[in-house]
file my_file_29.txt (compact mmCIF, C-alpha atoms)
# COMPACT_ATOMS: atom_id res chain seq x y z
CA MET U 225 0.00 0.00 0.00
CA ASN U 226 1.56 3.26 -1.01
CA MET U 227 1.11 6.66 0.54
CA THR U 228 -1.75 7.85 -1.67
CA ASP U 229 -3.97 4.85 -0.90
CA LEU U 230 -3.53 5.37 2.82
CA ALA U 231 -4.32 9.07 2.50
CA THR U 232 -7.43 8.28 0.46
CA GLN U 233 -8.66 5.85 3.08
CA ILE U 234 -8.07 8.36 5.89
CA TYR U 235 -9.95 10.95 3.82
CA GLU U 236 -13.01 8.74 3.35
CA VAL U 237 -13.14 7.86 7.05
CA ALA U 238 -12.77 11.56 7.92
CA ILE U 239 -15.72 12.46 5.70
CA ASP U 240 -17.88 9.75 7.28
CA ILE U 241 -16.98 10.89 10.80
CA SER U 242 -17.71 14.50 9.98
CA LEU U 243 -21.09 13.62 8.48
CA VAL U 244 -21.96 11.85 11.74
CA LEU U 245 -20.80 14.84 13.79
CA LEU U 246 -22.84 17.24 11.66
CA GLY U 247 -25.93 15.07 12.03
CA LEU U 248 -25.42 15.11 15.79
CA ALA U 249 -25.12 18.89 15.72
CA PHE U 250 -28.33 19.09 13.69
CA LEU U 251 -30.20 16.98 16.25
CA LEU U 252 -28.89 18.95 19.23
CA THR U 253 -29.82 22.27 17.62
CA THR U 254 -33.29 21.00 16.78
CA PHE U 255 -33.68 19.97 20.40
CA ARG U 256 -32.84 23.52 21.45
CA ILE U 257 -35.33 24.97 18.97
CA VAL U 258 -38.15 22.74 20.21
CA ARG U 259 -37.25 23.15 23.86
CA GLY U 260 -35.90 26.70 23.90
CA PRO U 261 -37.73 28.59 26.61
CA THR U 262 -37.69 31.98 24.89
CA LEU U 263 -37.95 33.38 21.39
CA PRO U 264 -34.27 34.48 21.10
CA ASP U 265 -33.22 30.91 21.85
CA ARG U 266 -35.24 29.66 18.92
CA VAL U 267 -33.94 32.35 16.60
CA LEU U 268 -30.42 31.46 17.67
CA GLY U 269 -31.15 27.81 16.92
CA LEU U 270 -32.33 28.72 13.43
CA ASP U 271 -29.16 30.72 12.86
CA MET U 272 -27.13 27.72 14.01
CA LEU U 273 -29.11 25.43 11.69
CA THR U 274 -28.13 27.48 8.65
CA SER U 275 -24.45 27.16 9.51
CA VAL U 276 -24.82 23.40 10.02
CA ALA U 277 -26.58 23.18 6.66
CA ILE U 278 -23.75 25.10 4.97
CA GLY U 279 -21.30 22.60 6.48
CA PHE U 280 -23.42 19.74 5.14
CA ILE U 281 -23.48 21.23 1.65
CA ALA U 282 -19.71 21.70 1.68
CA ILE U 283 -19.11 18.11 2.77
CA ILE U 284 -21.47 16.74 0.14
CA GLY U 285 -19.60 18.87 -2.40
CA ILE U 286 -16.27 17.41 -1.26
CA ASP U 287 -17.58 13.86 -1.23
CA THR U 288 -19.35 13.73 -4.57
CA GLY U 289 -17.51 16.47 -6.46
CA TYR U 290 -20.84 18.06 -7.25
CA THR U 291 -20.04 21.63 -6.31
CA LEU U 292 -23.09 23.27 -7.84
CA TYR U 293 -24.63 23.40 -4.41
CA VAL U 294 -22.07 25.92 -3.17
CA ASP U 295 -24.17 28.63 -4.80
CA ILE U 296 -27.10 27.38 -2.77
CA ALA U 297 -24.91 27.56 0.35
CA ILE U 298 -24.18 31.22 -0.37
CA ALA U 299 -27.87 31.95 -0.90
CA LEU U 300 -28.73 30.05 2.27
CA GLY U 301 -26.27 32.15 4.23
CA LEU U 302 -27.88 35.31 2.87
CA VAL U 303 -31.39 34.16 3.68
CA GLY U 304 -30.37 33.05 7.17
CA PHE U 305 -28.75 36.40 7.85
CA LEU U 306 -31.81 38.31 6.68
CA ALA U 307 -34.11 36.07 8.73
CA THR U 308 -32.07 36.65 11.86
CA VAL U 309 -32.08 40.40 11.31
CA ALA U 310 -35.83 40.38 10.78
CA PHE U 311 -36.39 38.29 13.89
CA ALA U 312 -34.17 40.60 15.93
CA ARG U 313 -36.24 43.57 14.78
CA PHE U 314 -39.37 41.64 15.66
CA ILE U 315 -38.10 40.91 19.17
CA LEU U 316 -37.23 44.58 19.59
CA ALA U 317 -40.61 45.72 18.29
CA ARG U 318 -42.57 43.27 20.44
CA GLY U 319 -40.86 44.79 23.43
CA ARG U 320 -41.80 42.23 26.05
CA THR U 321 -40.32 38.99 27.24
CA GLU U 322 -42.21 35.78 27.87
CA GLU U 323 -42.20 36.54 31.61
CA ASP U 324 -43.91 39.88 30.95
CA GLN U 325 -46.57 38.12 28.94
CA LEU U 326 -47.16 35.65 31.77
CA LYS U 327 -47.45 38.54 34.19
CA ASP U 328 -50.09 40.21 32.06
CA LEU U 329 -52.38 37.19 32.03
CA PRO U 330 -55.84 37.98 33.41
CA PHE U 331 -55.93 34.74 35.40
CA LYS U 332 -53.40 33.20 37.75
CA ASN U 333 -50.64 31.37 35.98
CA PRO U 334 -51.17 27.64 36.55
CA ASN U 335 -47.44 27.05 36.22
CA GLU U 336 -46.58 29.14 39.27
CA GLN U 337 -46.40 26.19 41.64
CA GLY U 338 -44.88 23.69 39.25
CA GLN U 339 -41.38 23.94 37.85
CA ALA U 340 -42.58 24.11 34.27
CA ILE U 341 -41.38 27.68 33.81
CA PRO U 342 -38.22 28.42 35.78
CA LYS U 343 -38.29 31.74 37.58
CA THR U 344 -35.08 33.66 37.10
CA GLU U 345 -34.09 36.90 38.73
CA ARG U 346 -34.96 39.82 36.56
CA ARG U 347 -32.43 42.42 35.67
CA SER U 348 -33.18 45.69 37.46
CA MET I 246 1.60 15.59 -3.30
CA THR I 247 -1.95 14.32 -3.70
CA ALA I 248 -1.51 12.40 -0.45
CA LEU I 249 -0.63 15.63 1.30
CA PHE I 250 -3.70 17.32 -0.15
CA TYR I 251 -5.93 14.49 1.03
CA LEU I 252 -4.47 14.61 4.52
CA VAL I 253 -4.87 18.38 4.82
CA GLU I 254 -8.46 18.19 3.58
CA SER I 255 -9.41 15.43 5.98
CA ALA I 256 -7.85 17.37 8.86
CA LEU I 257 -9.80 20.51 7.91
CA VAL I 258 -13.08 18.60 7.56
CA LEU I 259 -12.61 16.83 10.89
CA ILE I 260 -11.67 20.00 12.78
CA GLY I 261 -14.55 21.95 11.24
CA SER I 262 -17.20 19.38 12.01
CA THR I 263 -15.86 19.00 15.56
CA PHE I 264 -16.22 22.76 15.99
CA ILE I 265 -19.83 22.63 14.75
CA ALA I 266 -20.70 19.69 17.00
CA LEU I 267 -19.19 21.46 20.02
CA ALA I 268 -21.11 24.61 19.14
CA ALA I 269 -24.36 22.63 19.04
CA LEU I 270 -23.47 21.04 22.37
CA GLY I 271 -22.92 24.52 23.78
CA VAL I 272 -26.26 25.69 22.39
CA VAL I 273 -27.93 22.88 24.30
CA ARG I 274 -25.96 23.01 27.51
CA LEU I 275 -25.24 26.68 28.26
CA PRO I 276 -27.62 28.44 30.64
CA ASP I 277 -28.96 31.60 28.96
CA VAL I 278 -29.41 33.28 25.59
CA TYR I 279 -26.21 35.30 25.66
CA THR I 280 -23.87 32.43 26.48
CA ARG I 281 -25.61 30.25 23.91
CA MET I 282 -25.09 33.00 21.37
CA HIS I 283 -21.41 33.13 22.23
CA SER I 284 -21.15 29.42 21.49
CA ALA I 285 -23.23 29.36 18.33
CA SER I 286 -21.94 32.38 16.48
CA LYS I 287 -18.22 31.92 17.11
CA ALA I 288 -17.67 28.17 17.01
CA GLY I 289 -20.37 27.59 14.41
CA SER I 290 -19.00 30.07 11.90
CA VAL I 291 -15.44 28.81 12.39
CA GLY I 292 -16.63 25.26 11.75
CA SER I 293 -18.47 26.09 8.52
CA GLY I 294 -15.54 28.23 7.41
CA LEU I 295 -13.08 25.38 7.86
CA ILE I 296 -15.28 22.92 5.93
CA LEU I 297 -15.72 25.42 3.11
CA LEU I 298 -11.93 25.91 3.08
CA ALA I 299 -11.55 22.15 2.61
CA LEU I 300 -13.99 22.39 -0.30
CA ALA I 301 -11.93 25.22 -1.79
CA LEU I 302 -8.80 23.07 -1.59
CA ASN I 303 -10.61 20.07 -3.02
CA SER I 304 -12.02 21.54 -6.20
CA GLU I 305 -9.81 21.57 -9.27
CA ALA I 306 -11.43 24.36 -11.25
CA LEU I 307 -10.68 27.95 -10.28
CA PRO I 308 -14.31 29.24 -10.27
CA GLU I 309 -15.35 26.62 -7.73
CA THR I 310 -12.48 27.57 -5.44
CA LEU I 311 -13.34 31.23 -5.76
CA ARG I 312 -16.98 30.50 -5.02
CA ALA I 313 -16.11 28.61 -1.87
CA LEU I 314 -13.80 31.43 -0.75
CA ALA I 315 -16.58 33.95 -1.43
CA ALA I 316 -18.91 31.87 0.70
CA ILE I 317 -16.37 31.91 3.55
CA PHE I 318 -15.92 35.67 3.24
CA PHE I 319 -19.66 36.29 3.17
CA PHE I 320 -20.34 34.01 6.10
CA LEU I 321 -17.63 35.59 8.24
CA LEU I 322 -19.01 39.01 7.30
CA THR I 323 -22.64 38.34 8.26
CA ALA I 324 -22.42 36.03 11.27
CA PRO I 325 -21.11 38.62 13.78
CA ILE I 326 -23.65 41.20 12.60
CA SER I 327 -26.63 38.94 13.07
CA ALA I 328 -25.38 37.74 16.47
CA HIS I 329 -24.84 41.34 17.58
CA LEU I 330 -28.31 42.40 16.45
CA LEU I 331 -29.97 39.47 18.19
CA ALA I 332 -28.03 40.00 21.42
CA LYS I 333 -28.76 43.71 21.48
CA ALA I 334 -32.44 43.17 20.76
CA SER I 335 -32.86 40.60 23.50
CA TYR I 336 -30.89 42.69 26.01
CA THR I 337 -32.91 45.80 25.22
CA VAL I 338 -36.20 44.02 25.64
CA GLY I 339 -34.98 42.67 28.96
CA TYR I 340 -34.39 38.96 28.68
CA SER I 341 -32.71 38.04 31.92
CA MET I 342 -29.17 36.82 32.18
CA TRP I 343 -28.18 33.70 34.01
CA PRO I 344 -28.45 34.37 37.78
CA GLY I 345 -24.85 33.26 38.24
CA SER I 346 -23.49 36.01 35.99
CA VAL I 347 -21.07 38.24 37.85
CA LEU I 348 -20.73 41.32 35.64
CA ASP I 349 -23.05 43.35 33.47
CA GLU I 350 -21.31 46.47 32.22
CA MET I 351 -23.91 47.37 29.64
CA PRO I 352 -25.88 50.47 30.56
CA GLU I 353 -29.66 50.47 30.29
CA VAL I 354 -30.41 50.51 26.59
CA LYS I 355 -33.13 52.62 25.12
CA ALA I 356 -34.81 51.04 22.18
CA THR I 357 -34.82 53.38 19.24
CA THR I 358 -36.61 51.35 16.61
CA ARG I 359 -40.08 52.25 15.59
CA ARG I 360 -42.81 49.82 16.53
CA SER I 361 -43.52 48.99 12.93
CA ASP I 362 -42.31 50.04 9.54
CA THR I 363 -45.63 51.53 8.57
CA PRO I 364 -45.44 55.30 8.25
CA PRO I 365 -47.13 57.35 10.97
CA THR I 366 -50.79 57.92 10.21
CA SER I 367 -52.12 60.35 12.80
CA PRO I 368 -50.51 63.76 13.31
CA ASP I 369 -50.27 63.00 17.03
CA GLU I 370 -48.09 60.00 16.35
CA MET I 371 -46.01 62.08 14.00
CA SER I 372 -45.36 64.84 16.50
CA ASP I 373 -44.93 62.53 19.47
CA HIS I 374 -41.34 61.51 19.40
CA ALA I 375 -42.06 58.51 21.61
CA ALA I 376 -43.23 56.49 18.64
CA GLY I 377 -39.67 55.30 18.53
CA GLU I 378 -39.85 53.54 21.88
CA THR I 379 -40.94 50.02 22.51
CA VAL I 380 -44.10 49.05 24.33
CA SER I 381 -42.61 48.18 27.69
CA ARG I 382 -40.55 51.37 27.95
CA ARG I 383 -43.45 53.49 26.83
CA SER I 384 -45.30 53.14 30.13
CA GLU I 385 -42.24 54.10 32.15
CA ARG I 386 -41.16 57.25 30.38
CA ARG I 387 -41.61 60.60 31.98
CA PRO I 388 -44.10 63.03 30.37
CA ARG I 389 -42.63 65.08 27.59
CA ILE I 390 -43.05 68.76 27.01
CA ARG I 391 -44.66 69.43 23.66
CA TRP I 392 -43.85 72.49 21.63
CA SER I 393 -47.49 73.07 20.79
CA GLU I 394 -48.45 73.38 24.46
CA ILE I 395 -45.61 75.79 25.13
CA ARG I 396 -46.72 78.02 22.31
CA ARG I 397 -50.28 77.99 23.60
CA THR I 398 -49.45 79.17 27.12

call {"tool": "encode", "arguments": {"input": "my_file_29.txt", "output": "structure tokens"}}
result
Amino acid sequence: MNMTDLATQIYEVAIDISLVLLGLAFLLTTFRIVRGPTLPDRVLGLDMLTSVAIGFIAIIGIDTGYTLYVDIAIALGLVGFLATVAFARFILARGRTEEDQLKDLPFKNPNEQGQAIPKTERRS
Amino acid sequence: MTALFYLVESALVLIGSTFIALAALGVVRLPDVYTRMHSASKAGSVGSGLILLALALNSEALPETLRALAAIFFFLLTAPISAHLLAKASYTVGYSMWPGSVLDEMPEVKATTRRSDTPPTSPDEMSDHAAGETVSRRSERRPRIRWSEIRRT
């Protein structure tokens, strides 16, 4: 076995491992989006998902040599950036956190006694 | 020479995907929005940048390499801006930090965006400068002196 064969085998194993790692990252980020207690957490998860997807596209391009999708990666980055900016403006325009909304409820919050919504100390 | 290229590419791909996986782990494990943002925007963009760099090394044709490099440049340009906007928006609105945080040097931020992008309809809204404040701050602000009232008295 010469040097090039060994390098090619290492390269294929590296691509497989990185695909597994990216899939793991995708799952963890999706968990944060579903779970995320507040809106900024979910927006952050979406921003993270676009970067994971760009990594996926790049690895598929390396693996198959089909690099047409790099254009789509660029467009995806642009769309993700614009979505994050729009969501940030929306958070700013809404002007209230989830705790404020719970405080404004006309009835008593049923989650007060349970630990479903963790109470954190508010910034003064 | 090709062996060296293969080894460098596999190292870049492995390091990049490890960065992305660690960033996702940080997004899950860290306690509040700001620390999660620190994990996601820094480690995540470095990871995608490294994988795109491996793609740029891999492709033979020059336009593909240039496209991958443009993607890296663009991604590194936009990621800090979006993270900054999101962090500033959530801090301004008042999302609480982790109770174990020790230092908060940011002064109280006044929101300066308008509530919506629709142009002001009533003349009262047009003259009242407070249209540029968010809903929660609007109840707290002190009463303003209006020029029309001064002229009347």

call {"tool": "closest_residue", "arguments": {"input": "my_file_29.txt", "among": "U:Thr288, U:Thr228, U:Gln233, U:Thr262", "to": "chain I", "atoms": "only C-alpha atoms"}}
result
U:Thr228

call {"tool": "closest_residue", "arguments": {"input": "my_file_29.txt", "among": "U:Asp271, U:Asp240, U:Asp229, U:Asp265", "to": "Ser286 (chain I)", "atoms": "all atoms listed in the file"}}
result
U:Asp271

call {"tool": "closest_atom_pairs", "arguments": {"input": "my_file_29.txt", "of": "chain U", "to": "chain I", "cutoff": "6 Å", "atoms": "only C-alpha atoms", "output": "JSON lines"}}
result
{"residue": "U:Thr228", "atom": "CA", "partner": "I:Ala248", "partner_atom": "CA", "distance": 4.7}
{"residue": "U:Ala231", "atom": "CA", "partner": "I:Ala248", "partner_atom": "CA", "distance": 5.3}
{"residue": "U:Tyr235", "atom": "CA", "partner": "I:Ser255", "partner_atom": "CA", "distance": 5.0}
{"residue": "U:Ala238", "atom": "CA", "partner": "I:Ser255", "partner_atom": "CA", "distance": 5.5}
{"residue": "U:Ser242", "atom": "CA", "partner": "I:Ser262", "partner_atom": "CA", "distance": 5.3}
{"residue": "U:Leu245", "atom": "CA", "partner": "I:Ala266", "partner_atom": "CA", "distance": 5.8}
{"residue": "U:Ala249", "atom": "CA", "partner": "I:Ala266", "partner_atom": "CA", "distance": 4.7}
{"residue": "U:Leu252", "atom": "CA", "partner": "I:Ala269", "partner_atom": "CA", "distance": 5.8}
{"residue": "U:Thr253", "atom": "CA", "partner": "I:Ala269", "partner_atom": "CA", "distance": 5.7}
{"residue": "U:Arg256", "atom": "CA", "partner": "I:Val273", "partner_atom": "CA", "distance": 5.7}
{"residue": "U:Asp265", "atom": "CA", "partner": "I:Val278", "partner_atom": "CA", "distance": 5.8}
{"residue": "U:Gly279", "atom": "CA", "partner": "I:Ser293", "partner_atom": "CA", "distance": 4.9}
{"residue": "U:Ala282", "atom": "CA", "partner": "I:Leu297", "partner_atom": "CA", "distance": 5.6}
{"residue": "U:Ile286", "atom": "CA", "partner": "I:Leu300", "partner_atom": "CA", "distance": 5.6}
{"residue": "U:Ile298", "atom": "CA", "partner": "I:Ala316", "partner_atom": "CA", "distance": 5.4}
{"residue": "U:Val309", "atom": "CA", "partner": "I:Ser327", "partner_atom": "CA", "distance": 5.9}
{"residue": "U:Ala312", "atom": "CA", "partner": "I:Leu331", "partner_atom": "CA", "distance": 4.9}
{"residue": "U:Leu316", "atom": "CA", "partner": "I:Ala334", "partner_atom": "CA", "distance": 5.1}
{"residue": "U:Ala317", "atom": "CA", "partner": "I:Arg360", "partner_atom": "CA", "distance": 5.0}
{"residue": "U:Gly319", "atom": "CA", "partner": "I:Val338", "partner_atom": "CA", "distance": 5.2}
{"residue": "U:Arg320", "atom": "CA", "partner": "I:Val338", "partner_atom": "CA", "distance": 5.9}
{"residue": "U:Arg346", "atom": "CA", "partner": "I:Ser341", "partner_atom": "CA", "distance": 5.5}
{"residue": "U:Arg347", "atom": "CA", "partner": "I:Ser341", "partner_atom": "CA", "distance": 5.8}

call {"tool": "atom_distance", "arguments": {"input": "my_file_29.txt", "atom1": "CA of Thr254 (chain U)", "atom2": "CA of Leu270 (chain U)"}}
result
8.5 Å

call {"tool": "atom_distance", "arguments": {"input": "my_file_29.txt", "atom1": "CA of Leu248 (chain U)", "atom2": "CA of Gly301 (chain U)"}}
result
20.6 Å
